[in-house]
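Enquirer: To be precise about what I am sending: the file is called run.csv and holds CSV, C-alpha atoms.
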```
chain,number,residue,atom,x,y,z
A,366,MET,CA,0.0,0.0,0.0
A,367,THR,CA,2.9,2.4,0.6
A,368,SER,CA,3.8,2.2,-3.0
A,369,LEU,CA,0.3,3.2,-4.3
A,370,PRO,CA,1.0,7.0,-4.4
A,371,VAL,CA,4.2,6.4,-6.4
A,372,VAL,CA,2.3,4.0,-8.8
A,373,VAL,CA,-0.5,6.6,-9.3
A,374,LEU,CA,2.1,9.4,-9.9
A,375,PHE,CA,4.0,7.4,-12.5
A,376,GLY,CA,0.7,6.3,-14.1
A,377,LEU,CA,-0.2,9.9,-14.9
A,378,SER,CA,0.8,11.9,-18.0
A,379,GLY,CA,3.7,14.3,-17.9
A,380,TRP,CA,1.3,17.2,-17.9
A,381,TRP,CA,-0.4,16.0,-14.8
A,382,ASN,CA,2.9,15.3,-13.0
A,383,CYS,CA,4.1,18.8,-13.9
A,384,ARG,CA,0.9,20.3,-12.4
A,385,LEU,CA,1.4,18.2,-9.3
A,386,VAL,CA,5.0,19.4,-8.9
A,387,THR,CA,3.7,23.0,-9.3
A,388,LEU,CA,1.0,22.5,-6.7
A,389,LEU,CA,3.5,20.9,-4.3
A,390,HIS,CA,5.9,23.8,-4.7
A,391,GLY,CA,3.1,26.3,-4.2
A,392,VAL,CA,1.9,24.7,-1.0
A,393,LEU,CA,5.4,24.3,0.4
A,394,VAL,CA,6.7,27.8,-0.4
A,395,VAL,CA,3.4,29.5,0.7
A,396,SER,CA,3.6,27.7,4.1
A,397,LEU,CA,7.3,28.5,4.5
A,398,THR,CA,7.1,32.1,3.5
A,399,ALA,CA,4.0,32.7,5.6
A,400,TYR,CA,5.9,31.4,8.6
A,401,ILE,CA,8.8,33.7,7.7
A,402,GLY,CA,6.7,36.8,7.4
A,403,TYR,CA,4.2,36.3,10.3
A,404,VAL,CA,6.3,34.3,12.8
A,405,ASP,CA,10.0,34.3,12.2
A,406,GLY,CA,10.3,37.8,10.9
A,407,PRO,CA,11.2,40.5,10.2
A,408,TRP,CA,8.1,42.1,8.9
A,409,PRO,CA,8.8,42.8,5.1
A,410,PHE,CA,6.8,46.0,5.0
A,411,THR,CA,8.9,47.6,7.7
A,412,TYR,CA,12.4,46.0,7.3
A,413,PRO,CA,13.1,45.5,3.6
A,414,GLY,CA,16.8,45.2,2.6
A,415,THR,CA,17.8,43.4,5.8
A,416,LYS,CA,20.3,40.4,5.9
A,417,ASN,CA,19.1,37.0,4.8
A,418,THR,CA,18.2,34.4,7.4
A,419,THR,CA,18.8,30.7,7.0
A,420,LEU,CA,15.0,30.1,6.7
A,421,GLN,CA,14.7,32.8,4.0
A,422,ILE,CA,17.6,31.3,2.1
A,423,SER,CA,15.9,27.8,2.2
A,424,ALA,CA,12.7,29.3,0.8
A,425,MET,CA,14.5,31.1,-2.0
A,426,VAL,CA,16.6,28.0,-2.9
A,427,LEU,CA,13.4,25.9,-3.0
A,428,SER,CA,11.7,28.4,-5.4
A,429,LEU,CA,14.8,28.9,-7.5
A,430,SER,CA,14.9,25.1,-8.1
A,431,TYR,CA,11.3,25.1,-9.1
A,432,PHE,CA,11.5,28.1,-11.4
A,433,ILE,CA,14.5,26.6,-13.2
A,434,PHE,CA,12.6,23.4,-13.7
A,435,ASP,CA,9.5,25.1,-14.9
A,436,MET,CA,11.4,27.4,-17.2
A,437,VAL,CA,13.1,24.4,-18.9
A,438,TRP,CA,9.6,22.7,-19.2
A,439,CYS,CA,8.0,25.8,-20.7
A,440,VAL,CA,10.8,26.3,-23.2
A,441,TYR,CA,11.1,22.7,-24.2
A,442,PHE,CA,7.4,22.0,-24.6
A,443,ARG,CA,6.5,25.6,-25.7
A,444,THR,CA,3.6,25.7,-23.2
A,445,GLU,CA,3.8,29.4,-22.3
A,446,GLY,CA,4.1,32.8,-23.9
A,447,ALA,CA,6.6,35.6,-23.6
A,448,VAL,CA,5.0,37.0,-20.4
A,449,MET,CA,5.3,33.8,-18.4
A,450,LEU,CA,8.9,33.3,-19.6
A,451,ALA,CA,9.7,36.9,-18.7
A,452,HIS,CA,8.2,36.3,-15.2
A,453,HIS,CA,10.3,33.2,-14.7
A,454,ALA,CA,13.4,34.9,-16.0
A,455,VAL,CA,12.9,37.9,-13.6
A,456,SER,CA,12.2,35.5,-10.7
A,457,ILE,CA,15.3,33.4,-11.3
A,458,LEU,CA,17.6,36.5,-11.7
A,459,GLY,CA,16.0,38.2,-8.7
A,460,ILE,CA,16.4,35.2,-6.4
A,461,MET,CA,20.0,34.6,-7.5
A,462,LEU,CA,20.8,38.3,-7.0
A,463,THR,CA,19.3,38.2,-3.5
A,464,LEU,CA,21.2,35.1,-2.6
A,465,TRP,CA,24.4,36.6,-3.9
A,466,LEU,CA,24.0,39.9,-2.1
A,467,GLY,CA,23.0,38.2,1.1
A,468,GLU,CA,20.2,40.7,1.8
A,469,SER,CA,16.6,41.6,0.9
A,470,GLY,CA,15.5,38.0,1.5
A,471,VAL,CA,12.6,39.1,3.6
A,472,GLU,CA,10.9,41.0,0.8
A,473,SER,CA,11.8,38.4,-1.7
A,474,CYS,CA,10.0,35.8,0.4
A,475,ALA,CA,7.0,38.2,0.7
A,476,VAL,CA,6.9,38.4,-3.1
A,477,LEU,CA,7.0,34.6,-3.3
A,478,PHE,CA,4.2,34.4,-0.9
A,479,GLY,CA,2.0,36.9,-2.8
A,480,SER,CA,2.8,35.2,-6.1
A,481,GLU,CA,2.3,31.6,-5.0
A,482,VAL,CA,-0.7,32.0,-2.7
A,483,THR,CA,-3.0,31.7,-5.7
A,484,ASN,CA,-1.2,28.7,-7.0
A,485,PRO,CA,-3.5,26.0,-5.4
A,486,LEU,CA,-6.5,27.7,-6.9
A,487,LEU,CA,-4.8,28.0,-10.3
A,488,GLN,CA,-4.0,24.2,-10.3
A,489,ALA,CA,-7.5,23.4,-9.2
A,490,ARG,CA,-8.8,25.3,-12.2
A,491,TRP,CA,-6.6,23.2,-14.5
A,492,PHE,CA,-7.6,19.9,-12.8
A,493,LEU,CA,-11.3,20.8,-13.0
A,494,ARG,CA,-11.0,21.7,-16.7
A,495,HIS,CA,-9.2,18.5,-17.6
A,496,THR,CA,-11.6,16.3,-15.8
A,497,GLY,CA,-14.7,17.6,-17.6
A,498,ARG,CA,-15.9,19.9,-14.8
A,499,ARG,CA,-15.2,23.2,-16.4
A,500,ASN,CA,-18.7,24.7,-16.3
A,501,THR,CA,-19.7,23.3,-12.9
A,502,PRO,CA,-20.6,25.5,-9.9
A,503,LEU,CA,-17.4,24.3,-8.2
A,504,ALA,CA,-15.3,25.5,-11.2
A,505,GLU,CA,-17.1,28.8,-11.3
A,506,ALA,CA,-16.4,29.3,-7.5
A,507,VAL,CA,-12.8,28.4,-8.0
A,508,ASP,CA,-12.5,30.8,-10.9
A,509,LEU,CA,-14.0,33.7,-8.9
A,510,ALA,CA,-11.9,33.0,-5.9
A,511,PHE,CA,-8.7,32.8,-8.0
A,512,VAL,CA,-9.4,36.1,-9.8
A,513,VAL,CA,-10.3,38.0,-6.7
A,514,LEU,CA,-7.3,36.7,-4.7
A,515,PHE,CA,-5.0,37.3,-7.7
A,516,VAL,CA,-5.9,40.9,-8.1
A,517,VAL,CA,-5.8,41.6,-4.3
A,518,MET,CA,-2.4,40.1,-3.8
A,519,ARG,CA,-0.7,41.2,-7.1
A,520,VAL,CA,-2.1,44.7,-7.4
A,521,PHE,CA,-3.0,46.0,-3.9
A,522,VAL,CA,-0.7,44.0,-1.5
A,523,GLY,CA,2.1,44.0,-4.2
A,524,GLY,CA,1.7,47.7,-4.7
A,525,ALA,CA,2.1,48.3,-0.9
A,526,MET,CA,5.1,46.1,-0.8
A,527,LEU,CA,6.7,48.0,-3.8
A,528,TYR,CA,6.0,51.3,-2.2
A,529,CYS,CA,7.8,50.3,1.0
A,530,GLU,CA,10.6,48.9,-1.0
A,531,LEU,CA,11.1,52.1,-3.0
A,532,ILE,CA,11.0,54.5,-0.1
A,533,SER,CA,13.3,52.5,2.1
A,534,PRO,CA,17.0,53.5,2.0
A,535,ARG,CA,18.2,49.9,2.7
A,536,PRO,CA,17.4,47.9,-0.5
A,537,ARG,CA,19.9,48.0,-3.3
A,538,PHE,CA,19.0,49.8,-6.5
A,539,PHE,CA,19.0,46.6,-8.5
A,540,ILE,CA,16.6,45.0,-6.0
A,541,LYS,CA,14.2,48.0,-6.4
A,542,CYS,CA,14.4,47.6,-10.2
A,543,GLY,CA,13.5,44.0,-9.8
A,544,GLY,CA,10.5,44.9,-7.7
A,545,VAL,CA,9.3,47.4,-10.3
A,546,ALA,CA,9.7,44.7,-13.0
A,547,MET,CA,7.7,42.1,-11.0
A,548,TYR,CA,4.9,44.6,-10.3
A,549,ALA,CA,4.7,45.6,-14.0
A,550,LEU,CA,4.4,41.9,-14.9
A,551,SER,CA,1.6,41.5,-12.3
A,552,TRP,CA,-0.4,44.1,-14.2
A,553,VAL,CA,0.1,42.3,-17.4
A,554,PHE,CA,-1.1,39.1,-15.8
A,555,VAL,CA,-4.1,40.9,-14.5
A,556,GLN,CA,-4.9,42.1,-18.0
A,557,GLN,CA,-4.5,38.6,-19.3
A,558,GLN,CA,-6.9,37.2,-16.7
A,559,HIS,CA,-9.5,39.9,-17.5
A,560,TYR,CA,-9.3,39.0,-21.2
A,561,GLN,CA,-9.6,35.2,-20.5
A,562,GLN,CA,-12.6,35.7,-18.2
A,563,GLN,CA,-14.3,37.8,-20.9
A,564,GLN,CA,-13.7,35.1,-23.5
A,565,HIS,CA,-15.0,32.4,-21.1
A,566,TYR,CA,-18.2,34.3,-20.3
A,567,GLN,CA,-18.8,35.1,-23.9
A,568,GLN,CA,-18.5,31.5,-24.9
A,569,GLN,CA,-20.9,30.5,-22.1
A,570,HIS,CA,-23.4,33.1,-23.2
A,571,GLN,CA,-23.2,31.9,-26.8
A,572,GLN,CA,-23.7,28.3,-25.7
A,573,GLN,CA,-26.7,29.3,-23.6
A,574,GLN,CA,-28.2,31.2,-26.6
A,575,GLN,CA,-27.7,28.1,-28.8
A,576,GLN,CA,-29.3,25.8,-26.2
A,577,HIS,CA,-32.2,28.2,-25.8
A,578,TYR,CA,-32.7,28.4,-29.6
A,579,GLN,CA,-32.6,24.6,-30.0
A,580,GLN,CA,-35.1,24.2,-27.2
A,581,GLN,CA,-37.5,26.7,-28.7
A,582,HIS,CA,-37.1,25.1,-32.1
A,583,GLN,CA,-37.9,21.7,-30.7
A,584,ARG,CA,-41.1,23.0,-29.2
A,585,LEU,CA,-42.5,24.3,-32.5
A,586,PRO,CA,-45.3,22.1,-33.8
A,587,ALA,CA,-44.5,20.2,-36.9
A,588,GLU,CA,-46.2,21.4,-40.1
```
Translate the structure of the given file into structure tokens.
Expert:
Amino acid sequence: MTSLPVVVLFGLSGWWNCRLVTLLHGVLVVSLTAYIGYVDGPWPFTYPGTKNTTLQISAMVLSLSYFIFDMVWCVYFRTEGAVMLAHHAVSILGIMLTLWLGESGVESCAVLFGSEVTNPLLQARWFLRHTGRRNTPLAEAVDLAFVVLFVVMRVFVGGAMLYCELISPRPRFFIKCGGVAMYALSWVFVQQQHYQQQQHYQQQHQQQQQQHYQQQHQRLPAE
């Protein structure tokens, strides 16, 4: 029985296994960075640019490993566009720079938390769509929760974090530039989500109109 999860994992397609790896990374890094921000400290909005701690380094190394893996996956299989590749490139360079400088780990972990906290919902969307449950009430609820949390964390919380980063004298100039780049990419992601949601609801509306027309046509008496 102990080998059952391994058998199930290897019995899945590569796409499913990649999504499971992404989900596992999201859960681990969100848990770790939440502990760093709320328990271990320091508070990222107050003390950006401080020296890295052992726990912060562990979280960044974990995410660096994942981003390199996912970057290779996306390039090899051509699964993502330029925006996602740019996001991964900026994330990899930012984490490597933070590790090399030995400082600003606290705000880097805060960015990882804000970026990955929506990851479980994102993977849930994918799993629901690929198991034939795309238009179910559960899928609609997951979609709504993902979009709301995505906008709140990326735009509002991320904007507050960027403001604290820019006005603080401690963080290096290159770290501040990285923060601006990540925030700009967040806005691009928000625009993409808005467009995808519009397309989704338009398709739903068209399907409903077609179903209504077919039902009305079936009710007409035969001549």
Enquirer: Using only C-alpha atoms, pick whichever of A:Ile401, A:Met526, A:Gln557, A:Ala510 has the shortest atom-to-atom distance to Thr483 (chain A).
Expert: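 Closest to Thr483 (chain A) of all the choices is A:Ala510.
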Enquirer: Rounded to one decimal, what separation in Å do you get between CA of Val392 (chain A) and CA of Leu486 (chain A)?
Expert: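 Rounded to one decimal, the two atoms are 10.7 Å apart.
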Enquirer: Around the point (1.2, 36.1, -18.5), in the coordinates given by the file, pick out the residues reaching within 10 Å, counting only C-alpha atoms, and return them as a PDB file with C-alpha atoms, keeping the file's coordinate frame.
Expert:
```pdb
ATOM      1  CA  GLU A 445       3.800  29.400 -22.300  1.00  0.00           C
ATOM      2  CA  GLY A 446       4.100  32.800 -23.900  1.00  0.00           C
ATOM      3  CA  ALA A 447       6.600  35.600 -23.600  1.00  0.00           C
ATOM      4  CA  VAL A 448       5.000  37.000 -20.400  1.00  0.00           C
ATOM      5  CA  MET A 449       5.300  33.800 -18.400  1.00  0.00           C
ATOM      6  CA  LEU A 450       8.900  33.300 -19.600  1.00  0.00           C
ATOM      7  CA  ALA A 451       9.700  36.900 -18.700  1.00  0.00           C
ATOM      8  CA  HIS A 452       8.200  36.300 -15.200  1.00  0.00           C
ATOM      9  CA  LEU A 550       4.400  41.900 -14.900  1.00  0.00           C
ATOM     10  CA  SER A 551       1.600  41.500 -12.300  1.00  0.00           C
ATOM     11  CA  TRP A 552      -0.400  44.100 -14.200  1.00  0.00           C
ATOM     12  CA  VAL A 553       0.100  42.300 -17.400  1.00  0.00           C
ATOM     13  CA  PHE A 554      -1.100  39.100 -15.800  1.00  0.00           C
ATOM     14  CA  VAL A 555      -4.100  40.900 -14.500  1.00  0.00           C
ATOM     15  CA  GLN A 556      -4.900  42.100 -18.000  1.00  0.00           C
ATOM     16  CA  GLN A 557      -4.500  38.600 -19.300  1.00  0.00           C
ATOM     17  CA  GLN A 558      -6.900  37.200 -16.700  1.00  0.00           C
TER      18      GLN A 558
END
```
Enquirer: May I ask for the distance between CA of Tyr560 (chain A) and CA of Ile433 (chain A), given in Å to one decimal place?
Expert: 28.0 Å
Enquirer: I'd like the neighbourhood of Thr411 (chain A) as a ChimeraX atom specification, where a residue qualifies if any of its atoms comes within 10 Å (using all atoms listed in the file), though same-chain residues fewer than 2 positions away should be ignored.
Expert: /A:407-409,413-414,472,526,529-530,533
Enquirer: Record the distance separating CA of Met425 (chain A) and CA of Ser480 (chain A), expressed in Å with one decimal.
Expert: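 Atom-to-atom, CA of Met425 (chain A) and CA of Ser480 (chain A) are spaced 13.1 Å apart.
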Enquirer: Find, counting all atoms listed in the file, the residue in A:Gly523, A:Gly406, A:Gly470, A:Gly497 that gets nearest to Met547 (chain A).
Expert: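 Ranked by minimum distance to Met547 (chain A), first place goes to A:Gly523.
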Enquirer: Let me make sure I understand: among A:Thr415, A:Ser396, A:Thr387, A:Gln563, which one has the smallest atom-to-atom distance to Gln488 (chain A) if we use all atoms listed in the file?
Expert: A:Thr387
Enquirer: Taking (4.5, 39.0, -3.3) in the file's coordinates, which residues come within 12 Å, counting all atoms listed in the file, written as an MDAnalysis selection string?
Expert: chainID A and resid 394:395 398:399 402 409:410 456 471:483 515:527 530 544:545 547:548 550:551
Enquirer: From the set A:Met461, A:Leu397, A:Leu531, A:Cys542, which residue has the shortest atom-to-atom contact distance to Ser430 (chain A), counting only C-alpha atoms?
Expert: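 Under the stated criterion, the closest residue is A:Met461.
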Enquirer: Export region 517-553 of chain A from the structure block above, keeping N, CA, C and O atoms, as an mmCIF file, in the first residue's frame.
Expert:
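Done, and the output landed in result.cif:
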```cif
data_model
loop_
_atom_site.group_PDB
_atom_site.id
_atom_site.type_symbol
_atom_site.label_atom_id
_atom_site.label_comp_id
_atom_site.auth_asym_id
_atom_site.auth_seq_id
_atom_site.Cartn_x
_atom_site.Cartn_y
_atom_site.Cartn_z
ATOM 1 N N VAL A 517 -6.118 41.068 -5.645
ATOM 2 C CA VAL A 517 -5.821 41.639 -4.328
ATOM 3 C C VAL A 517 -4.334 41.511 -4.002
ATOM 4 O O VAL A 517 -3.682 42.487 -3.595
ATOM 5 N N MET A 518 -3.775 40.310 -4.193
ATOM 6 C CA MET A 518 -2.379 40.084 -3.822
ATOM 7 C C MET A 518 -1.418 40.752 -4.790
ATOM 8 O O MET A 518 -0.419 41.358 -4.371
ATOM 9 N N ARG A 519 -1.682 40.643 -6.082
ATOM 10 C CA ARG A 519 -0.733 41.161 -7.076
ATOM 11 C C ARG A 519 -0.774 42.683 -7.184
ATOM 12 O O ARG A 519 0.277 43.328 -7.318
ATOM 13 N N VAL A 520 -1.961 43.272 -7.129
ATOM 14 C CA VAL A 520 -2.096 44.707 -7.360
ATOM 15 C C VAL A 520 -2.026 45.498 -6.058
ATOM 16 O O VAL A 520 -1.203 46.407 -5.918
ATOM 17 N N PHE A 521 -2.879 45.161 -5.093
ATOM 18 C CA PHE A 521 -2.985 45.973 -3.882
ATOM 19 C C PHE A 521 -1.876 45.655 -2.872
ATOM 20 O O PHE A 521 -1.121 46.549 -2.470
ATOM 21 N N VAL A 522 -1.747 44.405 -2.477
ATOM 22 C CA VAL A 522 -0.682 44.046 -1.529
ATOM 23 C C VAL A 522 0.688 44.219 -2.182
ATOM 24 O O VAL A 522 1.625 44.732 -1.567
ATOM 25 N N GLY A 523 0.786 43.796 -3.455
ATOM 26 C CA GLY A 523 2.051 43.972 -4.167
ATOM 27 C C GLY A 523 2.422 45.437 -4.337
ATOM 28 O O GLY A 523 3.597 45.805 -4.227
ATOM 29 N N GLY A 524 1.433 46.283 -4.572
ATOM 30 C CA GLY A 524 1.697 47.717 -4.682
ATOM 31 C C GLY A 524 2.193 48.312 -3.376
ATOM 32 O O GLY A 524 3.101 49.152 -3.370
ATOM 33 N N ALA A 525 1.606 47.872 -2.263
ATOM 34 C CA ALA A 525 2.053 48.349 -0.948
ATOM 35 C C ALA A 525 3.486 47.902 -0.663
ATOM 36 O O ALA A 525 4.306 48.657 -0.134
ATOM 37 N N MET A 526 3.791 46.635 -1.048
ATOM 38 C CA MET A 526 5.145 46.126 -0.834
ATOM 39 C C MET A 526 6.151 46.894 -1.676
ATOM 40 O O MET A 526 7.246 47.241 -1.218
ATOM 41 N N LEU A 527 5.790 47.199 -2.920
ATOM 42 C CA LEU A 527 6.692 47.951 -3.798
ATOM 43 C C LEU A 527 6.927 49.358 -3.260
ATOM 44 O O LEU A 527 8.061 49.858 -3.290
ATOM 45 N N TYR A 528 5.873 49.988 -2.748
ATOM 46 C CA TYR A 528 6.016 51.339 -2.189
ATOM 47 C C TYR A 528 6.993 51.337 -1.003
ATOM 48 O O TYR A 528 7.888 52.195 -0.922
ATOM 49 N N CYS A 529 6.845 50.358 -0.113
ATOM 50 C CA CYS A 529 7.753 50.261 1.036
ATOM 51 C C CYS A 529 9.177 49.982 0.590
ATOM 52 O O CYS A 529 10.140 50.479 1.197
ATOM 53 N N GLU A 530 9.313 49.206 -0.463
ATOM 54 C CA GLU A 530 10.640 48.900 -1.009
ATOM 55 C C GLU A 530 11.311 50.145 -1.585
ATOM 56 O O GLU A 530 12.501 50.392 -1.373
ATOM 57 N N LEU A 531 10.532 50.941 -2.314
ATOM 58 C CA LEU A 531 11.113 52.099 -2.998
ATOM 59 C C LEU A 531 11.480 53.231 -2.044
ATOM 60 O O LEU A 531 12.466 53.932 -2.270
ATOM 61 N N ILE A 532 10.689 53.415 -0.989
ATOM 62 C CA ILE A 532 10.976 54.531 -0.080
ATOM 63 C C ILE A 532 12.017 54.173 0.969
ATOM 64 O O ILE A 532 12.552 55.063 1.638
ATOM 65 N N SER A 533 12.326 52.898 1.131
ATOM 66 C CA SER A 533 13.314 52.494 2.134
ATOM 67 C C SER A 533 14.727 52.727 1.591
ATOM 68 O O SER A 533 15.010 52.428 0.424
ATOM 69 N N PRO A 534 15.635 53.228 2.416
ATOM 70 C CA PRO A 534 17.016 53.457 1.954
ATOM 71 C C PRO A 534 17.869 52.187 1.955
ATOM 72 O O PRO A 534 18.971 52.194 1.393
ATOM 73 N N ARG A 535 17.374 51.105 2.562
ATOM 74 C CA ARG A 535 18.211 49.907 2.708
ATOM 75 C C ARG A 535 18.355 49.070 1.435
ATOM 76 O O ARG A 535 19.473 48.670 1.090
ATOM 77 N N PRO A 536 17.290 48.743 0.721
ATOM 78 C CA PRO A 536 17.439 47.854 -0.452
ATOM 79 C C PRO A 536 18.323 48.465 -1.541
ATOM 80 O O PRO A 536 18.315 49.677 -1.765
ATOM 81 N N ARG A 537 19.085 47.599 -2.209
ATOM 82 C CA ARG A 537 19.931 48.041 -3.311
ATOM 83 C C ARG A 537 19.076 48.494 -4.498
ATOM 84 O O ARG A 537 17.926 48.100 -4.653
ATOM 85 N N PHE A 538 19.695 49.303 -5.353
ATOM 86 C CA PHE A 538 18.997 49.828 -6.524
ATOM 87 C C PHE A 538 18.518 48.710 -7.437
ATOM 88 O O PHE A 538 17.410 48.754 -7.972
ATOM 89 N N PHE A 539 19.358 47.671 -7.626
ATOM 90 C CA PHE A 539 18.983 46.574 -8.518
ATOM 91 C C PHE A 539 17.786 45.792 -7.972
ATOM 92 O O PHE A 539 16.947 45.312 -8.738
ATOM 93 N N ILE A 540 17.715 45.676 -6.650
ATOM 94 C CA ILE A 540 16.579 44.988 -6.038
ATOM 95 C C ILE A 540 15.300 45.788 -6.266
ATOM 96 O O ILE A 540 14.239 45.225 -6.571
ATOM 97 N N LYS A 541 15.389 47.099 -6.157
ATOM 98 C CA LYS A 541 14.219 47.950 -6.410
ATOM 99 C C LYS A 541 13.775 47.852 -7.866
ATOM 100 O O LYS A 541 12.572 47.824 -8.149
ATOM 101 N N CYS A 542 14.736 47.797 -8.780
ATOM 102 C CA CYS A 542 14.393 47.631 -10.196
ATOM 103 C C CYS A 542 13.672 46.310 -10.428
ATOM 104 O O CYS A 542 12.711 46.235 -11.204
ATOM 105 N N GLY A 543 14.136 45.249 -9.742
ATOM 106 C CA GLY A 543 13.475 43.951 -9.845
ATOM 107 C C GLY A 543 12.053 43.998 -9.320
ATOM 108 O O GLY A 543 11.144 43.379 -9.896
ATOM 109 N N GLY A 544 11.835 44.753 -8.239
ATOM 110 C CA GLY A 544 10.492 44.909 -7.694
ATOM 111 C C GLY A 544 9.560 45.612 -8.668
ATOM 112 O O GLY A 544 8.399 45.219 -8.820
ATOM 113 N N VAL A 545 10.070 46.642 -9.329
ATOM 114 C CA VAL A 545 9.265 47.360 -10.324
ATOM 115 C C VAL A 545 8.918 46.431 -11.485
ATOM 116 O O VAL A 545 7.778 46.426 -11.979
ATOM 117 N N ALA A 546 9.886 45.625 -11.927
ATOM 118 C CA ALA A 546 9.653 44.701 -13.042
ATOM 119 C C ALA A 546 8.589 43.664 -12.677
ATOM 120 O O ALA A 546 7.691 43.368 -13.481
ATOM 121 N N MET A 547 8.664 43.113 -11.465
ATOM 122 C CA MET A 547 7.680 42.110 -11.040
ATOM 123 C C MET A 547 6.294 42.720 -10.939
ATOM 124 O O MET A 547 5.291 42.087 -11.306
ATOM 125 N N TYR A 548 6.205 43.950 -10.452
ATOM 126 C CA TYR A 548 4.901 44.596 -10.320
ATOM 127 C C TYR A 548 4.311 44.896 -11.701
ATOM 128 O O TYR A 548 3.100 44.749 -11.910
ATOM 129 N N ALA A 549 5.163 45.311 -12.640
ATOM 130 C CA ALA A 549 4.684 45.558 -14.006
ATOM 131 C C ALA A 549 4.162 44.265 -14.626
ATOM 132 O O ALA A 549 3.111 44.257 -15.293
ATOM 133 N N LEU A 550 4.868 43.158 -14.406
ATOM 134 C CA LEU A 550 4.409 41.872 -14.919
ATOM 135 C C LEU A 550 3.089 41.456 -14.266
ATOM 136 O O LEU A 550 2.247 40.816 -14.909
ATOM 137 N N SER A 551 2.908 41.817 -13.011
ATOM 138 C CA SER A 551 1.650 41.503 -12.334
ATOM 139 C C SER A 551 0.474 42.183 -13.027
ATOM 140 O O SER A 551 -0.596 41.585 -13.183
ATOM 141 N N TRP A 552 0.668 43.430 -13.443
ATOM 142 C CA TRP A 552 -0.395 44.131 -14.160
ATOM 143 C C TRP A 552 -0.690 43.476 -15.508
ATOM 144 O O TRP A 552 -1.845 43.402 -15.942
ATOM 145 N N VAL A 553 0.360 42.986 -16.168
ATOM 146 C CA VAL A 553 0.150 42.281 -17.435
ATOM 147 C C VAL A 553 -0.653 41.006 -17.195
ATOM 148 O O VAL A 553 -1.577 40.677 -17.953
#
```
